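What follows is the content of target.cif (mmCIF, C-alpha atoms).
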```cif
data_input
loop_
_atom_site.label_atom_id
_atom_site.label_comp_id
_atom_site.auth_asym_id
_atom_site.auth_seq_id
_atom_site.Cartn_x
_atom_site.Cartn_y
_atom_site.Cartn_z
CA MET A 1 -39.42 -148.96 -3.05
CA SER A 2 -38.52 -146.63 -5.94
CA TYR A 3 -39.57 -142.99 -6.03
CA VAL A 4 -40.43 -140.96 -9.10
CA THR A 5 -38.01 -138.05 -9.51
CA ILE A 6 -38.73 -134.60 -10.84
CA ARG A 7 -36.32 -135.29 -13.71
CA GLU A 8 -38.36 -138.33 -14.75
CA VAL A 9 -41.51 -136.21 -14.77
CA ALA A 10 -39.73 -133.55 -16.84
CA GLU A 11 -38.52 -136.13 -19.38
CA ARG A 12 -42.03 -137.58 -19.76
CA ALA A 13 -43.51 -134.10 -20.20
CA GLY A 14 -40.76 -132.93 -22.55
CA VAL A 15 -39.87 -129.92 -20.41
CA SER A 16 -37.11 -129.00 -17.97
CA ALA A 17 -37.07 -129.95 -14.29
CA THR A 18 -37.18 -126.22 -13.47
CA THR A 19 -40.41 -125.89 -15.45
CA VAL A 20 -42.00 -128.77 -13.52
CA SER A 21 -40.93 -127.21 -10.20
CA GLN A 22 -42.29 -123.78 -11.13
CA ILE A 23 -45.62 -125.20 -12.27
CA LEU A 24 -45.98 -127.23 -9.05
CA HIS A 25 -45.34 -124.06 -7.03
CA GLY A 26 -47.66 -121.90 -9.15
CA LYS A 27 -44.82 -119.82 -10.51
CA GLY A 28 -43.61 -118.87 -13.99
CA ARG A 29 -45.50 -117.92 -17.13
CA PHE A 30 -46.64 -121.03 -18.98
CA SER A 31 -49.52 -121.76 -21.30
CA PRO A 32 -52.59 -123.50 -19.84
CA LYS A 33 -51.82 -126.45 -22.12
CA THR A 34 -48.30 -126.87 -20.69
CA ARG A 35 -49.52 -126.56 -17.12
CA GLU A 36 -52.31 -129.08 -17.69
CA SER A 37 -49.90 -131.52 -19.38
CA VAL A 38 -47.30 -131.34 -16.59
CA LEU A 39 -49.86 -131.65 -13.77
CA GLY A 40 -51.50 -134.60 -15.52
CA ILE A 41 -48.17 -136.43 -15.80
CA VAL A 42 -47.35 -135.62 -12.15
CA GLU A 43 -50.61 -137.23 -11.09
CA LYS A 44 -50.26 -140.21 -13.43
CA MET A 45 -46.70 -140.96 -12.31
CA GLY A 46 -47.50 -140.40 -8.64
CA TYR A 47 -44.71 -137.86 -8.15
CA ILE A 48 -44.30 -136.47 -4.62
CA PRO A 49 -41.89 -133.53 -4.09
CA ASP A 50 -38.78 -134.43 -2.08
CA SER A 51 -39.21 -132.69 1.27
CA ARG A 52 -35.50 -133.11 2.04
CA ALA A 53 -34.49 -131.19 -1.07
CA ARG A 54 -37.05 -128.52 -0.27
CA ALA A 55 -35.65 -128.27 3.26
CA ILE A 56 -32.13 -127.77 1.90
CA ARG A 57 -33.31 -124.96 -0.36
CA SER A 58 -35.49 -123.21 2.21
CA GLY A 59 -33.44 -123.96 5.33
CA GLN A 60 -36.58 -125.26 7.04
CA ALA A 61 -38.00 -128.78 6.98
CA LYS A 62 -41.32 -127.97 8.72
CA ALA A 63 -40.82 -131.06 10.89
CA ILE A 64 -40.59 -131.47 14.67
CA GLY A 65 -39.35 -134.50 16.64
CA LEU A 66 -41.52 -135.65 19.56
CA LEU A 67 -40.11 -138.11 22.11
CA VAL A 68 -41.91 -139.49 25.18
CA PRO A 69 -41.13 -142.35 27.60
CA ASP A 70 -44.09 -144.59 26.77
CA LEU A 71 -46.91 -144.12 24.25
CA ARG A 72 -48.82 -146.93 25.99
CA ASN A 73 -49.18 -144.59 28.95
CA SER A 74 -52.39 -142.68 28.21
CA TYR A 75 -51.02 -139.52 29.79
CA PHE A 76 -48.16 -139.32 27.29
CA ALA A 77 -50.40 -140.44 24.44
CA ASP A 78 -52.80 -137.59 25.18
CA MET A 79 -49.92 -135.13 25.36
CA VAL A 80 -48.48 -136.28 22.02
CA ALA A 81 -51.92 -136.10 20.42
CA SER A 82 -52.32 -132.48 21.51
CA MET A 83 -48.83 -131.57 20.25
CA GLU A 84 -49.31 -133.35 16.92
CA GLU A 85 -52.65 -131.65 16.36
CA GLU A 86 -51.24 -128.22 17.20
CA LEU A 87 -48.22 -128.74 14.94
CA TYR A 88 -50.37 -130.03 12.08
CA GLY A 89 -52.46 -126.89 12.30
CA ARG A 90 -49.28 -124.86 11.96
CA GLY A 91 -48.10 -126.80 8.92
CA TYR A 92 -45.52 -129.04 10.63
CA ALA A 93 -45.02 -132.78 10.29
CA THR A 94 -43.96 -134.83 13.33
CA LEU A 95 -41.46 -137.62 13.96
CA ILE A 96 -42.74 -139.46 17.05
CA GLY A 97 -40.68 -141.79 19.21
CA SER A 98 -41.03 -143.70 22.49
CA PHE A 99 -38.15 -145.08 24.55
CA GLY A 100 -39.82 -147.17 27.26
CA GLU A 101 -37.85 -145.44 30.05
CA ASP A 102 -34.68 -146.93 28.53
CA LEU A 103 -31.81 -144.43 28.35
CA ALA A 104 -30.07 -146.16 25.44
CA ARG A 105 -33.27 -146.10 23.38
CA GLN A 106 -33.76 -142.43 24.22
CA ASP A 107 -30.27 -141.59 22.97
CA SER A 108 -30.75 -143.72 19.85
CA PHE A 109 -33.80 -141.67 18.88
CA LEU A 110 -32.02 -138.40 19.62
CA HIS A 111 -29.02 -139.39 17.47
CA ASN A 112 -31.41 -140.45 14.71
CA ILE A 113 -33.29 -137.16 14.55
CA LEU A 114 -30.05 -135.20 14.72
CA GLY A 115 -29.12 -136.91 11.46
CA GLN A 116 -32.31 -135.70 9.80
CA ARG A 117 -33.39 -132.26 8.75
CA ILE A 118 -35.84 -131.28 11.45
CA ASP A 119 -36.49 -127.81 12.81
CA GLY A 120 -36.75 -128.66 16.51
CA ALA A 121 -37.70 -131.22 19.13
CA ILE A 122 -40.02 -131.57 22.12
CA VAL A 123 -38.79 -134.20 24.55
CA VAL A 124 -40.01 -135.80 27.77
CA PRO A 125 -36.53 -136.97 28.83
CA LYS A 126 -35.43 -139.78 31.10
CA GLY A 127 -34.35 -137.06 33.50
CA VAL A 128 -30.61 -137.80 33.68
CA ASP A 129 -27.65 -136.65 31.63
CA SER A 130 -26.58 -138.88 28.73
CA PRO A 131 -24.37 -138.74 25.63
CA GLY A 132 -27.38 -138.38 23.36
CA MET A 133 -28.83 -135.50 25.34
CA THR A 134 -25.43 -133.81 25.57
CA ALA A 135 -25.10 -134.01 21.79
CA MET A 136 -28.62 -132.66 21.38
CA VAL A 137 -27.97 -129.63 23.57
CA LYS A 138 -24.53 -129.02 22.03
CA ARG A 139 -26.02 -128.98 18.52
CA LYS A 140 -28.26 -126.08 19.63
CA LEU A 141 -31.25 -127.49 17.82
CA PRO A 142 -34.40 -125.75 19.11
CA LEU A 143 -35.32 -128.02 22.04
CA VAL A 144 -38.01 -127.96 24.72
CA PHE A 145 -38.45 -130.31 27.66
CA VAL A 146 -41.98 -131.19 28.80
CA ASP A 147 -43.01 -132.85 32.10
CA ARG A 148 -39.38 -133.60 33.03
CA ARG A 149 -36.03 -131.90 32.63
CA VAL A 150 -32.37 -132.88 32.57
CA PRO A 151 -30.18 -131.46 35.38
CA GLY A 152 -27.49 -129.09 34.20
CA THR A 153 -29.41 -127.77 31.18
CA PRO A 154 -30.61 -124.34 32.34
CA SER A 155 -30.69 -123.00 28.78
CA ILE A 156 -33.43 -125.43 27.70
CA PRO A 157 -37.02 -124.20 28.23
CA TYR A 158 -39.28 -126.70 29.91
CA ILE A 159 -42.97 -127.07 30.61
CA VAL A 160 -43.88 -128.74 33.89
CA SER A 161 -47.03 -129.18 35.96
CA ASP A 162 -47.22 -127.55 39.38
CA PRO A 163 -48.37 -130.28 41.80
CA ILE A 164 -49.08 -127.97 44.72
CA GLN A 165 -52.60 -126.91 43.81
CA GLY A 166 -53.86 -130.35 42.86
CA ILE A 167 -52.41 -132.15 45.89
CA GLN A 168 -53.70 -129.47 48.24
CA GLN A 169 -57.18 -129.70 46.74
CA ALA A 170 -57.14 -133.51 46.99
CA LEU A 171 -56.04 -133.41 50.65
CA ASP A 172 -58.70 -130.82 51.47
CA ALA A 173 -61.39 -132.99 49.85
CA LEU A 174 -60.25 -136.16 51.66
CA ILE A 175 -59.98 -134.46 55.04
CA SER A 176 -63.43 -132.93 54.61
CA LEU A 177 -64.73 -136.48 54.09
CA GLY A 178 -63.27 -137.53 57.44
CA HIS A 179 -60.00 -139.13 56.30
CA ARG A 180 -57.27 -138.77 58.92
CA ARG A 181 -54.78 -141.38 57.63
CA ILE A 182 -53.84 -140.77 53.99
CA GLY A 183 -51.00 -142.60 52.22
CA PHE A 184 -48.89 -141.56 49.24
CA VAL A 185 -47.28 -143.87 46.65
CA SER A 186 -44.03 -142.62 45.11
CA HIS A 187 -41.81 -144.08 42.36
CA THR A 188 -38.23 -142.81 42.70
CA SER A 189 -36.66 -145.55 40.53
CA LEU A 190 -37.77 -143.63 37.42
CA CYS A 191 -35.32 -140.84 38.38
CA SER A 192 -37.97 -138.28 37.47
CA SER A 193 -37.64 -134.90 39.15
CA THR A 194 -41.34 -134.39 38.48
CA LEU A 195 -42.35 -137.49 40.45
CA GLN A 196 -39.90 -136.65 43.21
CA GLU A 197 -41.38 -133.18 43.50
CA ARG A 198 -44.86 -134.63 44.00
CA GLU A 199 -43.63 -136.68 46.94
CA THR A 200 -41.88 -133.64 48.40
CA VAL A 201 -44.98 -131.48 48.03
CA PHE A 202 -47.18 -134.11 49.70
CA LYS A 203 -44.80 -134.41 52.65
CA THR A 204 -44.55 -130.63 52.97
CA LEU A 205 -48.30 -130.08 52.90
CA VAL A 206 -49.09 -132.76 55.51
CA SER A 207 -46.19 -131.75 57.79
CA GLY A 208 -48.29 -128.89 59.12
CA LEU A 209 -51.29 -131.10 59.92
CA PRO A 210 -51.97 -132.74 63.29
CA ASP A 211 -50.37 -136.19 63.61
CA ALA A 212 -48.09 -135.98 60.59
CA ASP A 213 -47.21 -139.66 61.08
CA ALA A 214 -50.71 -140.48 59.83
CA PHE A 215 -49.59 -139.75 56.26
CA PRO A 216 -47.19 -142.59 55.33
CA VAL A 217 -45.27 -142.64 52.05
CA VAL A 218 -44.19 -145.81 50.21
CA ASP A 219 -41.83 -146.10 47.26
CA CYS A 220 -42.83 -148.64 44.59
CA ALA A 221 -41.10 -150.07 41.53
CA ASN A 222 -42.77 -151.45 38.39
CA ASP A 223 -43.31 -155.06 39.53
CA TYR A 224 -46.35 -156.68 41.13
CA GLU A 225 -44.44 -157.71 44.26
CA SER A 226 -43.39 -154.13 44.95
CA HIS A 227 -46.96 -152.88 44.59
CA SER A 228 -48.27 -155.67 46.82
CA ARG A 229 -45.70 -154.94 49.54
CA GLY A 230 -46.42 -151.22 49.34
CA LEU A 231 -50.13 -151.77 49.70
CA ASP A 232 -49.57 -154.13 52.66
CA TYR A 233 -47.57 -151.45 54.42
CA LEU A 234 -50.16 -148.73 53.85
CA LEU A 235 -53.00 -150.94 55.06
CA ARG A 236 -51.03 -151.85 58.19
CA GLN A 237 -50.73 -148.13 58.84
CA GLY A 238 -54.51 -147.92 58.77
CA VAL A 239 -54.85 -145.59 55.79
CA THR A 240 -58.35 -144.97 54.48
CA ALA A 241 -57.19 -143.12 51.36
CA ILE A 242 -54.24 -143.41 48.95
CA VAL A 243 -52.82 -140.73 46.64
CA PHE A 244 -50.73 -142.02 43.72
CA GLY A 245 -48.00 -139.87 42.22
CA TYR A 246 -47.70 -142.09 39.11
CA SER A 247 -50.74 -143.41 37.26
CA PRO A 248 -49.33 -146.85 36.25
CA ASP A 249 -48.82 -147.56 39.98
CA ALA A 250 -52.45 -146.65 40.60
CA ILE A 251 -53.69 -149.00 37.87
CA SER A 252 -51.66 -151.90 39.27
CA MET A 253 -52.61 -151.33 42.91
CA VAL A 254 -56.29 -150.82 42.11
CA GLY A 255 -56.18 -154.32 40.63
CA ILE A 256 -54.59 -155.68 43.83
CA LEU A 257 -57.24 -153.95 45.95
CA GLN A 258 -59.92 -155.64 43.88
CA GLU A 259 -58.17 -159.01 44.26
CA ARG A 260 -58.43 -158.52 48.02
CA ASN A 261 -62.11 -157.64 47.80
CA LEU A 262 -61.52 -154.10 49.03
CA LEU A 263 -64.11 -151.82 47.47
CA ILE A 264 -62.83 -148.54 46.09
CA GLY A 265 -65.15 -145.72 47.08
CA SER A 266 -66.50 -147.79 50.00
CA ASP A 267 -63.58 -149.39 51.88
CA ILE A 268 -60.85 -147.10 50.65
CA SER A 269 -60.56 -143.86 48.67
CA VAL A 270 -58.20 -143.52 45.71
CA VAL A 271 -56.74 -140.44 43.99
CA SER A 272 -54.15 -140.57 41.21
CA PHE A 273 -52.22 -138.14 39.09
CA ASP A 274 -53.15 -138.01 35.39
CA ASP A 275 -56.64 -137.72 33.96
CA ILE A 276 -56.43 -140.75 31.66
CA ALA A 277 -59.28 -142.60 29.96
CA ALA A 278 -58.78 -145.77 32.02
CA PHE A 279 -59.64 -143.92 35.22
CA ARG A 280 -62.83 -142.51 33.71
CA LEU A 281 -63.92 -145.97 32.56
CA MET A 282 -63.35 -147.79 35.86
CA THR A 283 -66.23 -148.53 38.23
CA PRO A 284 -66.24 -146.43 40.27
CA SER A 285 -64.34 -143.83 38.26
CA ILE A 286 -61.06 -142.73 39.81
CA SER A 287 -60.58 -139.23 41.22
CA VAL A 288 -57.56 -137.56 39.63
CA ILE A 289 -55.11 -134.72 39.88
CA SER A 290 -55.05 -133.52 36.29
CA GLN A 291 -51.80 -132.15 34.89
CA GLN A 292 -53.74 -130.66 31.97
CA ALA A 293 -51.73 -132.71 29.46
CA ASP A 294 -53.36 -130.98 26.49
CA GLU A 295 -52.30 -127.57 27.77
CA MET A 296 -48.77 -128.79 28.50
CA GLY A 297 -48.54 -130.12 24.94
CA ARG A 298 -49.78 -126.88 23.43
CA ARG A 299 -47.36 -124.81 25.49
CA GLY A 300 -44.49 -127.09 24.45
CA VAL A 301 -45.37 -126.45 20.81
CA GLU A 302 -45.53 -122.69 21.33
CA GLU A 303 -42.14 -122.70 23.03
CA VAL A 304 -40.36 -124.71 20.33
CA LEU A 305 -41.90 -122.65 17.51
CA ASP A 306 -40.79 -119.52 19.33
CA LEU A 307 -37.22 -120.87 19.38
CA ILE A 308 -37.46 -121.70 15.68
CA GLY A 309 -38.63 -118.18 14.95
CA ASP A 310 -42.13 -119.11 13.81
CA THR A 311 -43.95 -116.24 15.54
CA GLY A 312 -47.38 -117.07 14.19
CA GLY A 313 -48.39 -118.29 17.64
CA ASP A 314 -47.47 -115.18 19.66
CA ALA A 315 -51.07 -114.29 20.42
CA GLY A 316 -51.89 -117.84 21.47
CA ARG A 317 -48.77 -118.00 23.61
CA ASP A 318 -49.59 -114.73 25.37
CA SER A 319 -53.16 -115.88 25.94
CA ALA A 320 -52.02 -119.22 27.35
CA ALA A 321 -49.50 -117.51 29.60
CA ASN A 322 -52.19 -115.22 30.96
CA ALA A 323 -54.54 -118.18 31.51
CA THR A 324 -51.81 -120.07 33.34
CA GLY A 325 -51.07 -117.10 35.54
CA ASP A 326 -54.76 -116.68 36.38
CA ALA A 327 -55.15 -120.37 37.16
CA GLN A 328 -52.12 -120.31 39.44
CA LYS A 329 -53.58 -117.41 41.36
CA ASP A 330 -56.98 -119.05 41.59
CA ASN A 331 -55.68 -122.44 42.73
CA SER A 332 -52.97 -121.39 45.16
CA GLY A 333 -54.60 -118.30 46.60
CA SER A 334 -51.66 -116.17 45.52
CA GLU A 335 -48.53 -116.51 43.49
CA SER A 336 -46.41 -115.99 46.58
CA GLY A 337 -48.06 -118.97 48.29
CA SER A 338 -46.46 -121.42 45.87
CA ALA A 339 -43.11 -119.69 46.18
CA THR A 340 -43.24 -120.03 49.96
CA LEU A 341 -43.88 -123.78 49.76
CA ARG A 342 -40.86 -124.21 47.50
CA GLY A 343 -38.74 -122.22 49.92
CA ASP A 344 -36.65 -119.32 48.71
CA ARG A 345 -35.50 -121.26 45.65
CA VAL A 346 -35.55 -119.06 42.56
CA GLU A 347 -37.35 -120.77 39.68
CA ASP A 348 -35.64 -120.93 36.30
CA ARG A 349 -36.95 -118.09 34.18
CA ARG A 350 -37.35 -120.48 31.25
CA MET A 351 -39.71 -122.77 33.15
CA VAL A 352 -43.46 -122.66 32.51
CA ARG A 353 -45.60 -124.18 35.27
CA ILE A 354 -49.07 -125.45 34.40
CA PRO A 355 -51.29 -125.69 37.53
CA THR A 356 -52.70 -129.10 38.43
CA VAL A 357 -56.42 -129.46 39.13
CA PHE A 358 -58.16 -131.98 41.39
CA ILE A 359 -61.18 -133.73 39.83
CA PRO A 360 -63.29 -135.67 42.39
CA ARG A 361 -65.13 -138.79 41.22
CA GLY A 362 -66.70 -141.94 42.60
CA SER A 363 -63.52 -143.33 44.18
CA LEU A 364 -63.97 -141.17 47.31
CA HIS A 365 -65.96 -142.18 50.39
CA GLN A 366 -67.02 -140.66 53.69
CA VAL A 367 -65.27 -141.87 56.85
CA HIS A 368 -67.30 -141.88 60.04
CA HIS A 369 -65.49 -141.61 63.37
#
```
In C-alpha cells, how does this file's structure come out?
Amino acid sequence: MSYVTIREVAERAGVSATTVSQILHGKGRFSPKTRESVLGIVEKMGYIPDSRARAIRSGQAKAIGLLVPDLRNSYFADMVASMEEELYGRGYATLIGSFGEDLARQDSFLHNILGQRIDGAIVVPKGVDSPGMTAMVKRKLPLVFVDRRVPGTPSIPYIVSDPIQGIQQALDALISLGHRRIGFVSHTSLCSSTLQERETVFKTLVSGLPDADAFPVVDCANDYESHSRGLDYLLRQGVTAIVFGYSPDAISMVGILQERNLLIGSDISVVSFDDIAAFRLMTPSISVISQQADEMGRRGVEEVLDLIGDTGGDAGRDSAANATGDAQKDNSGSESGSATLRGDRVEDRRMVRIPTVFIPRGSLHQVHH
C-alpha cells in the first residue's frame, strides 16, 4: 500500500512542503485562496500526516502500548476497554496486544513496541522475569503494571486489587446462609502473584474459624481432567459452596457441575472472582468478587500519564485515590485491619490497591442443618 507524502501534495498544489504543513496546522499567513486550494488537494489525494515524523519533531507520539494475557478473557477485555476509552479521551492512540499466557509472545510484543515511538506502556505481565521485560525496564520507558507484577521491579508502579474485602464479604454471606464447608479453587500454574495472594487470603481468613479443615483448597490447571479431579475432591470433602480465584476455572467447573446434574443455587453455591458478562448471563447468575476492572484500568492510565508528564489528569487521580482510600476503609473496617492480615510486611509505596467488592446473585442457596 502506497501513502501520499506531503511533498506530493505540495507539488500538486504548486507550493512548498512547509506551506502545506503550516496550513494543515493553522499556522502562517496565507490567502484564503491558497488555503482552500491546499486543503482541497489534501482531501482529494487522501493525504494523512505521518504520525512518526510528528513524533520525532515533538518528542511525543501520543501512543500507549497495552498488553494483557488474553483478550478472550472478559475480565481483561473489560479492563482494556476502560483503558482505551480513557486514553482516547486524553488524545492518545493505543497499540493493543495479547500473549495467551505465553512468555515468548509477551517478550515479542515488548520488543516490538520498544522499536516504535510510543510514550509508555501498561502491561499485565506473565509475572516472572524475562529478557523482554528486563529490556523494557532498562529502557526506562514509562511503564505501569496492572493486576500482576514482576518480582524484582520495585521501581515500576503497579495497580492491583485487594482480595481481602471481597473474600471476607463472600465468606460472611455464605456462612450466614448456613454453609460450614466451603472450598476454594486455586491456579498456581499461571505463576501469578495475584492469584496466589487470593489463595493465601482465603486460607488466612478461614484459619480463625471453627473446624478450619472444613475449608479445603484445590489447585487446578487449564484442562478438563484437572477441573474434574478438583471438583471430585471438593465434593468428597462435602463442600456446599465453592469460591473460585480464577474466572476461567469457574466457567469450566460450572459446566461440569451441570453435566453431573448438580443445580447451582440449589445443590451447591458458587462464587467467582471477576464480574464478567458470562456470569451475569448464566442461569442462575453467578455471584462474584469484583476487582473493579474499570477502575483498575483508569488508575493504570493515570499512573502512566503521570510518568509521561501529562498532568492533565491530576484532579482525576487525586479523586480516584481518595475514593479508593474511602472504599478500603469502608470494606475492611479500618486501614490497619488489612495491614494486620498481611502481617508486618511493608507495602511498596508505588502500589495502588483497588478494593474488591462481593456481589451476591442467584448462585447462592440456604443450607439447613
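Nearest to Asp211 of chain A of all the residues A:Val150, A:Asp102, A:Arg180, A:Arg90 is A:Arg180, counting only C-alpha atoms.
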Rank nothing, just name the residue among A:Ile23, A:Ala17, A:Ala121, A:Ala293 nearest to Met79 of chain A, using all atoms listed in the file.
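Of A:Ile23, A:Ala17, A:Ala121, A:Ala293, the one nearest Met79 of chain A is A:Ala293, counting all atoms listed in the file.
Residues matched by the PyMOL selection byres ((chain A and resi 98) around 10) in this file: Leu66, Leu67, Val68, Pro69, Asp70, Leu71, Arg72, Phe76, Ile96, Gly97, Phe99, Gly100, Glu101, Asp102, Arg105, Gln106, Phe109, Val123 and Val124 of chain A.
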Run the PyMOL selection byres ((chain A and resi 239-255) around 6) mentally over the shown coordinates, then write out the matched residues as a list in words, using the chain letters and numbers from the document.
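When the PyMOL selection byres ((chain A and resi 239-255) around 6) is applied, the selected residues are Arg181, Ile182, Gly183, Phe184, Val185, Ser186, Leu234, Leu235, Gln237, Gly238, Ile256, Leu257, Gln258, Ile268, Ser269, Val270, Val271, Ser272 and Phe273 of chain A.
Distances from A:Arg350, A:Lys33, A:His227, A:Arg361 to Pro284 of chain A were compared using all atoms listed in the file, and the smallest one belongs to A:Arg361.
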Using the chain letters and residue numbers of this document, give as a list of chain:residue names the residues selected by the PyMOL selection byres ((chain A and resi 86) around 12).
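This file gives the following for the PyMOL selection byres ((chain A and resi 86) around 12): A:Ile64, A:Met79, A:Val80, A:Ala81, A:Ser82, A:Met83, A:Glu84, A:Glu85, A:Leu87, A:Tyr88, A:Gly89, A:Arg90, A:Gly91, A:Tyr92, A:Ala93, A:Thr94, A:Asp294, A:Glu295, A:Met296, A:Gly297, A:Arg298, A:Arg299, A:Gly300, A:Val301, A:Glu302, A:Val304, A:Leu305, A:Gly313, A:Gly316.
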Can you tell me how far atom CA of Asp219 of chain A sits from atom CA of Glu199 of chain A, in Å to one decimal?
9.6 Å
Out of A:Gln292, A:Ser228, A:Ala173, A:Val144, which residue has the shortest atom-to-atom distance to Pro360 of chain A when counting all atoms listed in the file?
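Smallest distance to Pro360 of chain A is found for A:Ala173.
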Residue among A:Leu263, A:Lys203, A:Leu281, A:Asp310 lying closest to Leu171 of chain A, counting all atoms listed in the file
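Checking each of A:Leu263, A:Lys203, A:Leu281, A:Asp310 against Leu171 of chain A, counting all atoms listed in the file, the winner is A:Lys203.
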To one decimal in Å, tell me the separation between atom CA of Gln116 of chain A and atom CA of Leu103 of chain A.
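Pair atom CA of Gln116 of chain A / atom CA of Leu103 of chain A returns 20.5 Å.
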State, in Å with one decimal place, the distance from atom CA of Val367 of chain A to atom CA of Gln196 of chain A.
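So the answer is 29.3 Å.
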